[in-house]
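Contents: one structure, followed by commentary.
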Amino acid sequence: MKHILITGCSSGFGLMAAKHLAKKGHHIYATMRNVNGKNADKASELKNYASSNNLNIEVVEIDVTSDESVGKGVSQIGQVDVLINNAGCGYGGPIESFSSQQFLDQLDLNIVGTFRVAKAVLPKMRAQNDGLIIQVTSVAGRFCLPGYGLYHTSKWGLECLSETMRYELSPLGIDTVIVQPGPFSTDFINGIISSEDEEIAKAYQHINDFGEGLISQISSIYEDPNADPMLVVKTFENLIDMPHGKRPIRTVVGIDFGLQTVNEVTEPIRQGLLEAFEITDWDGPKVKN
């Protein structure tokens, strides 16, 4: 049994993972913002689900964009064996049409938010000399499409942050892995945030047309069995169950548009860099005897 903190549990992968992993016998800290406001129904849903099924799910208020909220939330939690950094959202539109504040908000949620939560739980993990951090990025962190530059930037940045964390934390007994979901039938598309400057956006009609076609295409993909969100949840479960030293740095889940090949091609280069700098033993904690 692991004590697992999951961010972004009001919907999507987070909500499903909280329920599934609790059913597998784990103690879940299901975190979300606005537990007494916008997400009150989701918080109640999880609490009732736990009560009805005699499961260990604690709903904790955490807004990953707030140092104060993260600190307060984590202070209410005891042991943390696994952190699933899942909270995030996407901004869509021509880059020029966004304000600087919107760009900062995108990065704050998708990159800095994961940093805040990891920083808050790491003292607990270091004290245990044991832990696992699962960083949810995206196949969008390995390629780019027009109209989603802010989102791609955040996911590319999260890839870098996560890989660096793997090397820094491994000698302390803490494993860091990256999960890269493709398109899945969650509320992500409906939650995409548009740019503020509509006049500038109108100058990019080709981007607007492309975006409409892309959303239509992705919606049709949802009928594919490989777009079942439970595939991502099962990936979380498999990574949690793996021993130290056996977890791959990156795991693509679902429809990958060929991005798995990118991982396979670049992996020898990554390994070669570790060898060149003589830190191959920092690539994930070794199996414990």
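Ordered as shown in the structure tokens, chains take letters A, B, and onward, while each chain numbers its residues from 1 and ligands are numbered from 1 in the order shown.
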
Give me the region 129-235 of chain A side of the contact with region 85-108 of chain A, cut-off 7 Å, one line per residue showing its nearest atom pair and distance in Å at one decimal, counting only C-alpha atoms, sorted by chain and residue number, as a tab-separated table.
residue	atom	partner	partner_atom	distance
A:Ile134	CA	A:Asn85	CA	6.1
A:Gln135	CA	A:Asn85	CA	5.1
A:Val136	CA	A:Asn86	CA	5.3
A:Gly147	CA	A:Gly93	CA	4.5
A:Tyr148	CA	A:Gly92	CA	4.9
A:Gly149	CA	A:Ile95	CA	6.3
A:Leu150	CA	A:Tyr91	CA	6.3
A:Tyr151	CA	A:Gly90	CA	5.3
A:Ser154	CA	A:Leu107	CA	5.4
A:Phe188	CA	A:Cys89	CA	6.9
A:Ile192	CA	A:Gly90	CA	5.1
A:Ile193	CA	A:Tyr91	CA	4.6
A:Ser194	CA	A:Gly92	CA	5.3
A:Ser195	CA	A:Phe98	CA	4.8
A:Glu196	CA	A:Phe98	CA	5.8
A:Asp197	CA	A:Ser97	CA	5.0
A:Ile200	CA	A:Ser97	CA	5.3
A:Ala201	CA	A:Ser97	CA	5.4
A:Tyr204	CA	A:Pro94	CA	6.8
A:Ile207	CA	A:Pro94	CA	6.8

Taking only residues of region 98-215 of chain A that have an atom at most 12 Å from an atom of region 228-232 of chain A, what is each one's shortest atom pair and its distance in Å to one decimal, using only C-alpha atoms, in chain and number order, as JSON lines?
{"residue": "A:Ile134", "atom": "CA", "partner": "A:Val232", "partner_atom": "CA", "distance": 11.6}
{"residue": "A:Val136", "atom": "CA", "partner": "A:Val232", "partner_atom": "CA", "distance": 9.6}
{"residue": "A:Thr137", "atom": "CA", "partner": "A:Val232", "partner_atom": "CA", "distance": 11.6}
{"residue": "A:Ser138", "atom": "CA", "partner": "A:Val232", "partner_atom": "CA", "distance": 11.1}
{"residue": "A:Ile178", "atom": "CA", "partner": "A:Val232", "partner_atom": "CA", "distance": 11.7}
{"residue": "A:Val179", "atom": "CA", "partner": "A:Val232", "partner_atom": "CA", "distance": 8.1}
{"residue": "A:Gln180", "atom": "CA", "partner": "A:Val232", "partner_atom": "CA", "distance": 8.9}
{"residue": "A:Pro181", "atom": "CA", "partner": "A:Val232", "partner_atom": "CA", "distance": 6.8}
{"residue": "A:Gly182", "atom": "CA", "partner": "A:Val232", "partner_atom": "CA", "distance": 9.4}
{"residue": "A:Pro183", "atom": "CA", "partner": "A:Pro229", "partner_atom": "CA", "distance": 9.0}
{"residue": "A:Phe184", "atom": "CA", "partner": "A:Pro229", "partner_atom": "CA", "distance": 5.7}
{"residue": "A:Ser185", "atom": "CA", "partner": "A:Pro229", "partner_atom": "CA", "distance": 6.4}
{"residue": "A:Thr186", "atom": "CA", "partner": "A:Pro229", "partner_atom": "CA", "distance": 7.1}
{"residue": "A:Asp187", "atom": "CA", "partner": "A:Pro229", "partner_atom": "CA", "distance": 10.8}
{"residue": "A:Phe188", "atom": "CA", "partner": "A:Pro229", "partner_atom": "CA", "distance": 11.5}

Ranking A:Val177, A:Leu169, A:Leu5, A:Leu145 by minimum distance to Val117 (chain A) and counting only C-alpha atoms, which one comes first? A:Leu5

Atomic distance CA of Leu161 (chain A) - CA of Gln76 (chain A), expressed in Å with one decimal: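 Spanning CA of Leu161 (chain A) to CA of Gln76 (chain A) is a straight-line distance of 26.3 Å.
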
Find the residues near Ser44 (chain A): any atom within 9 Å, counting only C-alpha atoms, skip ones fewer than 4 places away on the same chain, and give them as a ChimeraX atom specification. /A:35,39-40,48-49,59

Just the selected residues (C-alpha atoms), exported as a PDB file, in the first residue's frame, please.
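The result, stored in again_7.pdb:
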ATOM      1  CA  VAL A  35     -13.324  22.096  -3.049  1.00  0.00           C
ATOM      2  CA  ASN A  39     -15.460  21.683  -7.541  1.00  0.00           C
ATOM      3  CA  ALA A  40     -17.665  20.983  -4.516  1.00  0.00           C
ATOM      4  CA  ASN A  48     -19.071   9.435  -1.276  1.00  0.00           C
ATOM      5  CA  TYR A  49     -17.277   6.976  -3.533  1.00  0.00           C
ATOM      6  CA  VAL A  59      -9.887  15.133  -0.590  1.00  0.00           C
TER       7      VAL A  59
END

Exercise: Trp282 (chain A) partners within 9 Å, only C-alpha atoms, chain neighbours under 5 positions left out, as a PyMOL selection string: chain A and resi 166-171+274

Take the selection from the previous step and output its residues with N, CA, C and O atoms, as a CSV table (one decimal), in the first residue's frame.
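And here's again02.csv as it stands now:
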chain,number,residue,atom,x,y,z
A,166,ARG,N,15.0,13.8,-12.5
A,166,ARG,CA,15.3,12.4,-12.4
A,166,ARG,C,16.8,12.2,-12.0
A,166,ARG,O,17.1,11.4,-11.1
A,167,TYR,N,17.7,13.0,-12.6
A,167,TYR,CA,19.1,12.9,-12.3
A,167,TYR,C,19.4,13.4,-10.9
A,167,TYR,O,20.3,12.9,-10.2
A,168,GLU,N,18.8,14.5,-10.5
A,168,GLU,CA,19.1,15.1,-9.2
A,168,GLU,C,18.5,14.3,-8.0
A,168,GLU,O,19.2,14.2,-7.0
A,169,LEU,N,17.4,13.6,-8.2
A,169,LEU,CA,16.7,12.9,-7.1
A,169,LEU,C,17.1,11.5,-7.0
A,169,LEU,O,17.0,10.9,-5.9
A,170,SER,N,17.6,10.9,-8.1
A,170,SER,CA,17.9,9.4,-8.1
A,170,SER,C,18.9,9.0,-7.0
A,170,SER,O,18.6,8.1,-6.3
A,171,PRO,N,20.0,9.8,-6.8
A,171,PRO,CA,20.9,9.4,-5.7
A,171,PRO,C,20.3,9.5,-4.3
A,171,PRO,O,20.9,9.0,-3.4
A,274,LEU,N,24.8,10.8,-20.6
A,274,LEU,CA,25.0,10.4,-19.2
A,274,LEU,C,26.4,9.7,-19.1
A,274,LEU,O,27.1,10.0,-18.1

As a PyMOL selection string, which residues of region 41-254 of chain A does DSSP assign to alpha helix (DSSP H)? chain A and resi 41-53+67-75+100-107+113-128+149-169+198-202+205-221+230-241

Store the residues of this selection in a file with C-alpha atoms, as a short mmCIF file (atom, residue, chain, number, x, y, z; two decimals), in the first residue's frame.
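Written output follows (again.cif):
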data_model
loop_
_atom_site.label_atom_id
_atom_site.label_comp_id
_atom_site.auth_asym_id
_atom_site.auth_seq_id
_atom_site.Cartn_x
_atom_site.Cartn_y
_atom_site.Cartn_z
CA ASP A 41 -19.66 18.38 -6.46
CA LYS A 42 -16.50 16.54 -7.54
CA ALA A 43 -15.14 16.62 -4.01
CA SER A 44 -18.40 15.17 -2.70
CA GLU A 45 -18.37 12.55 -5.44
CA LEU A 46 -14.96 11.30 -4.35
CA LYS A 47 -15.85 11.37 -0.67
CA ASN A 48 -19.07 9.43 -1.28
CA TYR A 49 -17.28 6.98 -3.53
CA ALA A 50 -14.70 6.33 -0.81
CA SER A 51 -17.36 5.93 1.86
CA SER A 52 -19.55 3.62 -0.22
CA ASN A 53 -16.62 1.37 -1.16
CA ASP A 67 2.62 28.62 -2.93
CA GLU A 68 0.38 29.19 0.07
CA SER A 69 -2.27 26.69 -1.05
CA VAL A 70 0.30 24.00 -1.88
CA GLY A 71 2.11 24.49 1.42
CA LYS A 72 -1.08 24.40 3.44
CA GLY A 73 -2.42 21.35 1.63
CA VAL A 74 0.77 19.29 1.90
CA SER A 75 1.10 20.22 5.59
CA SER A 100 2.10 38.22 -21.54
CA GLN A 101 0.00 37.40 -18.48
CA GLN A 102 -1.77 34.57 -20.28
CA PHE A 103 1.59 33.15 -21.33
CA LEU A 104 2.80 33.34 -17.74
CA ASP A 105 -0.43 31.72 -16.51
CA GLN A 106 0.07 28.79 -18.90
CA LEU A 107 3.63 28.24 -17.72
CA GLY A 113 2.71 24.17 -10.53
CA THR A 114 4.43 20.78 -10.73
CA PHE A 115 7.56 22.33 -9.22
CA ARG A 116 5.57 23.74 -6.28
CA VAL A 117 4.01 20.40 -5.38
CA ALA A 118 7.24 18.43 -5.87
CA LYS A 119 9.17 20.94 -3.73
CA ALA A 120 6.55 20.58 -0.97
CA VAL A 121 6.65 16.77 -0.84
CA LEU A 122 10.37 16.23 -1.44
CA PRO A 123 11.41 16.76 2.21
CA LYS A 124 9.13 13.84 3.13
CA MET A 125 10.56 11.67 0.36
CA ARG A 126 14.16 12.56 1.17
CA ALA A 127 13.57 11.66 4.82
CA GLN A 128 12.29 8.26 3.67
CA GLY A 149 2.48 27.31 -29.12
CA LEU A 150 1.92 28.25 -25.47
CA TYR A 151 0.75 24.78 -24.56
CA HIS A 152 3.59 23.07 -26.44
CA THR A 153 6.10 25.37 -24.75
CA SER A 154 4.78 24.42 -21.32
CA LYS A 155 4.95 20.71 -22.05
CA TRP A 156 8.40 20.88 -23.62
CA GLY A 157 9.53 22.77 -20.53
CA LEU A 158 7.97 20.18 -18.25
CA GLU A 159 9.84 17.45 -20.10
CA CYS A 160 13.13 19.23 -19.37
CA LEU A 161 12.27 19.90 -15.73
CA SER A 162 11.25 16.28 -15.19
CA GLU A 163 14.33 14.78 -16.81
CA THR A 164 16.58 17.01 -14.71
CA MET A 165 14.69 16.03 -11.55
CA ARG A 166 15.33 12.38 -12.39
CA TYR A 167 19.09 12.90 -12.32
CA GLU A 168 19.08 15.10 -9.20
CA LEU A 169 16.74 12.92 -7.13
CA GLU A 198 -9.78 38.68 -30.66
CA GLU A 199 -8.84 41.32 -33.25
CA ILE A 200 -5.31 39.97 -33.62
CA ALA A 201 -6.64 36.41 -33.68
CA LYS A 202 -8.85 37.33 -36.66
CA GLN A 205 -7.69 32.89 -40.17
CA HIS A 206 -5.49 30.02 -41.39
CA ILE A 207 -4.72 29.16 -37.77
CA ASN A 208 -8.37 29.36 -36.77
CA ASP A 209 -9.36 27.07 -39.65
CA PHE A 210 -6.60 24.63 -38.74
CA GLY A 211 -7.71 24.62 -35.10
CA GLU A 212 -11.30 23.83 -35.99
CA GLY A 213 -10.20 20.96 -38.20
CA LEU A 214 -7.84 19.64 -35.54
CA ILE A 215 -10.53 19.60 -32.86
CA SER A 216 -12.88 17.79 -35.23
CA GLN A 217 -10.17 15.24 -36.02
CA ILE A 218 -9.33 14.68 -32.36
CA SER A 219 -13.01 14.27 -31.50
CA SER A 220 -13.23 11.43 -34.03
CA ILE A 221 -10.12 9.84 -32.51
CA MET A 230 -8.08 4.23 -18.32
CA LEU A 231 -4.97 3.38 -20.35
CA VAL A 232 -3.25 6.34 -18.69
CA VAL A 233 -4.50 5.33 -15.24
CA LYS A 234 -3.25 1.78 -15.78
CA THR A 235 0.12 3.23 -16.81
CA PHE A 236 0.27 5.08 -13.48
CA GLU A 237 -0.50 1.80 -11.72
CA ASN A 238 2.16 -0.14 -13.64
CA LEU A 239 4.83 2.46 -12.91
CA ILE A 240 3.94 2.47 -9.21
CA ASP A 241 4.21 -1.33 -9.10
#

Please measure the separation of CA of Leu259 (chain A) and CA of Ala140 (chain A), giving the value in Å to one decimal.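 Taking CA of Leu259 (chain A) as the start and CA of Ala140 (chain A) as the end point, the length is 9.2 Å.
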
Could you pull out the strand (DSSP E) residues of region 29-139 of chain A, going by DSSP on the backbone, and write them as a list of chain:residue names? A:Tyr29, A:Ala30, A:Thr31, A:Met32, A:Ile57, A:Glu58, A:Val59, A:Val60, A:Glu61, A:Val82, A:Leu83, A:Ile84, A:Asn85, A:Tyr91, A:Gly92, A:Gly131, A:Leu132, A:Ile133, A:Ile134, A:Gln135, A:Val136

Show which residues sit within 8 Å of Glu58 (chain A), as a count of residues only. Count only C-alpha atoms, and ignore same-chain residues fewer than 5 positions away. 4

Option closest in space to Asp81 (chain A), from A:Gln271, A:Asn129, A:Thr31, A:Thr280 [counting only C-alpha atoms]: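 With only C-alpha atoms as the atom set, the closest residue is A:Asn129.
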
Report the distance between CA of Lys38 (chain A) and CA of Ile6 (chain A) in Å, rounded to one decimal place. 18.5 Å

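When only C-alpha atoms are used to measure the gap to Asn54 (chain A), the shortest distance among A:Lys19, A:Arg142, A:Arg33, A:Lys2 belongs to A:Lys19.
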